[in-house]
file structure.tsv (TSV, C-alpha atoms)
chain	number	residue	atom	x	y	z
A	278	MET	CA	15.21	44.87	-11.59
A	279	LEU	CA	13.82	41.69	-13.15
A	280	LYS	CA	15.93	39.56	-10.78
A	281	LYS	CA	14.52	41.43	-7.77
A	282	ILE	CA	10.94	40.82	-8.93
A	283	ALA	CA	11.66	37.13	-9.55
A	284	LEU	CA	13.26	36.81	-6.11
A	285	LEU	CA	10.28	38.52	-4.50
A	286	LEU	CA	7.86	36.16	-6.26
A	287	VAL	CA	9.87	33.12	-5.14
A	288	LEU	CA	9.91	34.35	-1.53
A	289	MET	CA	6.17	35.05	-1.59
A	290	THR	CA	5.44	31.60	-3.03
A	291	PHE	CA	7.67	29.95	-0.43
A	292	THR	CA	5.99	31.88	2.42
A	293	LEU	CA	2.49	31.01	1.20
A	294	THR	CA	3.43	27.35	0.81
A	295	LEU	CA	4.81	27.13	4.33
A	296	SER	CA	1.81	28.86	5.85
A	297	ALA	CA	-0.53	26.36	4.18
A	298	CYS	CA	1.28	23.37	5.68
A	299	GLU	CA	0.08	21.57	8.77
A	300	PRO	CA	2.06	22.14	11.96
A	301	PHE	CA	5.09	19.87	12.29
A	302	ASP	CA	3.68	18.03	15.31
A	303	VAL	CA	0.54	17.14	13.33
A	304	ILE	CA	2.62	15.77	10.46
A	305	LEU	CA	4.65	13.59	12.83
A	306	GLY	CA	1.58	12.36	14.68
A	307	LEU	CA	2.49	14.03	17.95
A	308	ASP	CA	-1.12	15.19	18.30
A	309	ILE	CA	-2.34	11.55	18.35
A	310	GLU	CA	-3.02	9.65	21.56
A	311	SER	CA	-3.83	6.25	20.02
A	312	VAL	CA	-4.60	4.40	16.80
A	313	SER	CA	-6.59	1.17	16.68
A	314	LEU	CA	-8.48	-1.00	14.23
A	315	ASP	CA	-12.18	-0.27	13.74
A	316	ARG	CA	-13.27	-3.90	14.16
A	317	SER	CA	-16.73	-3.10	12.78
A	318	SER	CA	-15.12	-2.30	9.41
A	319	LEU	CA	-13.33	-5.67	9.20
A	320	LYS	CA	-15.20	-8.46	7.43
A	321	GLU	CA	-14.84	-12.12	8.33
A	322	ILE	CA	-13.62	-12.89	4.80
A	323	TYR	CA	-12.63	-10.91	1.72
A	324	TYR	CA	-12.55	-12.15	-1.86
A	325	LEU	CA	-9.35	-11.16	-3.65
A	326	GLU	CA	-11.21	-10.20	-6.81
A	327	GLU	CA	-13.22	-7.58	-4.89
A	328	PHE	CA	-10.83	-6.68	-2.05
A	329	ASP	CA	-10.43	-2.96	-1.34
A	330	ILE	CA	-8.18	-2.12	1.62
A	331	SER	CA	-9.79	1.33	1.98
A	332	THR	CA	-12.96	-0.30	3.35
A	333	ILE	CA	-11.01	-1.17	6.52
A	334	LYS	CA	-10.80	1.75	8.93
A	335	LEU	CA	-8.53	2.91	11.71
A	336	VAL	CA	-9.82	4.77	14.75
A	337	VAL	CA	-7.54	7.70	15.54
A	338	ILE	CA	-7.95	9.38	18.92
A	339	LYS	CA	-6.25	12.75	19.13
A	340	ASP	CA	-4.90	14.49	22.21
A	341	ASP	CA	-7.84	16.90	22.24
A	342	GLY	CA	-10.32	13.98	22.35
A	343	GLU	CA	-11.34	14.22	18.69
A	344	ILE	CA	-12.02	10.82	17.11
A	345	GLU	CA	-11.32	10.31	13.43
A	346	ARG	CA	-11.91	7.27	11.22
A	347	VAL	CA	-9.18	6.86	8.60
A	348	SER	CA	-9.36	4.53	5.60
A	349	MET	CA	-6.41	2.21	5.23
A	350	ARG	CA	-4.15	2.54	2.19
A	351	MET	CA	-1.71	0.02	0.76
A	352	SER	CA	1.08	2.52	1.46
A	353	MET	CA	0.53	1.87	5.19
A	354	PHE	CA	1.96	-1.65	4.79
A	355	ASN	CA	5.50	-2.83	4.20
A	356	ARG	CA	6.35	-4.81	1.07
A	357	GLU	CA	5.99	-8.20	2.76
A	358	ASP	CA	2.49	-7.39	4.05
A	359	ARG	CA	1.43	-5.95	0.67
A	360	GLU	CA	2.40	-9.29	-0.86
A	361	LYS	CA	0.30	-11.12	1.75
A	362	LEU	CA	-2.67	-8.88	0.93
A	363	ALA	CA	-2.47	-10.05	-2.68
A	364	GLN	CA	-2.65	-13.78	-1.80
A	365	ALA	CA	-5.39	-16.04	-0.54
A	366	GLY	CA	-5.04	-17.19	3.06
A	367	ARG	CA	-5.27	-16.08	6.66
A	368	HIS	CA	-2.64	-13.42	7.26
A	369	THR	CA	-1.42	-11.28	10.12
A	370	VAL	CA	-0.43	-7.86	8.80
A	371	THR	CA	0.61	-4.55	10.33
A	372	ALA	CA	-0.57	-1.12	9.19
A	373	ARG	CA	1.55	1.89	10.14
A	374	TYR	CA	-0.16	5.25	10.55
A	375	ARG	CA	1.86	8.31	11.59
A	376	GLY	CA	4.21	6.31	13.80
A	377	PHE	CA	1.58	3.95	15.25
A	378	ASP	CA	1.44	0.25	14.34
A	379	VAL	CA	-1.84	-1.66	14.18
A	380	GLU	CA	-1.59	-5.42	13.76
A	381	PHE	CA	-4.60	-7.46	12.70
A	382	GLU	CA	-5.57	-10.73	11.07
A	383	ILE	CA	-7.31	-10.82	7.72
A	384	ARG	CA	-8.72	-13.73	5.71
A	385	LEU	CA	-8.53	-13.49	1.94
A	386	SER	CA	-10.01	-16.02	-0.44
A	387	SER	CA	-10.22	-16.53	-4.14
A	388	GLN	CA	-13.82	-17.18	-5.18
A	389	THR	CA	-12.62	-20.22	-7.08
A	390	THR	CA	-11.16	-21.83	-3.93
A	391	LEU	CA	-14.47	-21.95	-2.03

call {"tool": "encode", "arguments": {"input": "structure.tsv", "output": "structure tokens"}}
result
Amino acid sequence: MLKKIALLLVLMTFTLTLSACEPFDVILGLDIESVSLDRSSLKEIYYLEEFDISTIKLVVIKDDGEIERVSMRMSMFNREDREKLAQAGRHTVTARYRGFDVEFEIRLSSQTTL
């Protein structure tokens, strides 16, 4: 009897978890028409000591016409680009968001090098 109750609880938890998930096409980005850089969020220069990648935004246009601004995260970049974002200089980097790549140039400076 105890095994049946435990099995029922596991099945109920599994069902509730699945029903709370986003549809598979949303997870894969199939509901997205385009992703681009919000140029107005990109500064001319960033100082490494104060740099926060989340201040740079992506513009996501969905199939239904909805427009969403998404903050960038370091996890959107490959290892090589994350290393660039930790060094002073003018770098071309690529952010990946749900299957879409957005390439842009960023200038990073150490306050001591100015």

call {"tool": "atom_distance", "arguments": {"input": "structure.tsv", "atom1": "CA of Asp308 (chain A)", "atom2": "CA of Glu380 (chain A)"}}
result
21.1 Å

call {"tool": "closest_residue", "arguments": {"input": "structure.tsv", "among": "A:Leu335, A:Val287, A:Leu279, A:Leu362", "to": "Ser386 (chain A)", "atoms": "all atoms listed in the file"}}
result
A:Leu362

call {"tool": "atom_distance", "arguments": {"input": "structure.tsv", "atom1": "CA of Glu326 (chain A)", "atom2": "CA of Glu357 (chain A)"}}
result
19.8 Å

call {"tool": "closest_residue", "arguments": {"input": "structure.tsv", "among": "A:Met353, A:Leu325, A:Met278, A:Ile330", "to": "Phe377 (chain A)", "atoms": "all atoms listed in the file"}}
result
A:Met353

call {"tool": "residues_around", "arguments": {"input": "structure.tsv", "residues": "Ser311 (chain A)", "least_positions_apart": "6", "cutoff": "8 Å", "atoms": "only C-alpha atoms", "output": "compact mmCIF listing (two decimals) with C-alpha atoms, in the coordinates of the input"}}
result
# COMPACT_ATOMS: atom_id res chain seq x y z
CA VAL A 337 -7.54 7.70 15.54
CA ILE A 338 -7.95 9.38 18.92
CA LYS A 339 -6.25 12.75 19.13
CA PHE A 377 1.58 3.95 15.25

call {"tool": "residues_around", "arguments": {"input": "structure.tsv", "residues": "Ser318 (chain A)", "least_positions_apart": "4", "cutoff": "9 Å", "atoms": "only C-alpha atoms", "output": "number ranges by chain"}}
result
A: 314, 332-335

call {"tool": "atom_distance", "arguments": {"input": "structure.tsv", "atom1": "CA of Asn355 (chain A)", "atom2": "CA of Asp340 (chain A)"}}
result
27.1 Å

call {"tool": "closest_residue", "arguments": {"input": "structure.tsv", "among": "A:Ile322, A:Leu286, A:Ile309, A:Met349", "to": "Val379 (chain A)", "atoms": "all atoms listed in the file"}}
result
A:Met349

call {"tool": "closest_residue", "arguments": {"input": "structure.tsv", "among": "A:Arg316, A:Glu310, A:Val370, A:Glu321", "to": "Glu343 (chain A)", "atoms": "all atoms listed in the file"}}
result
A:Glu310
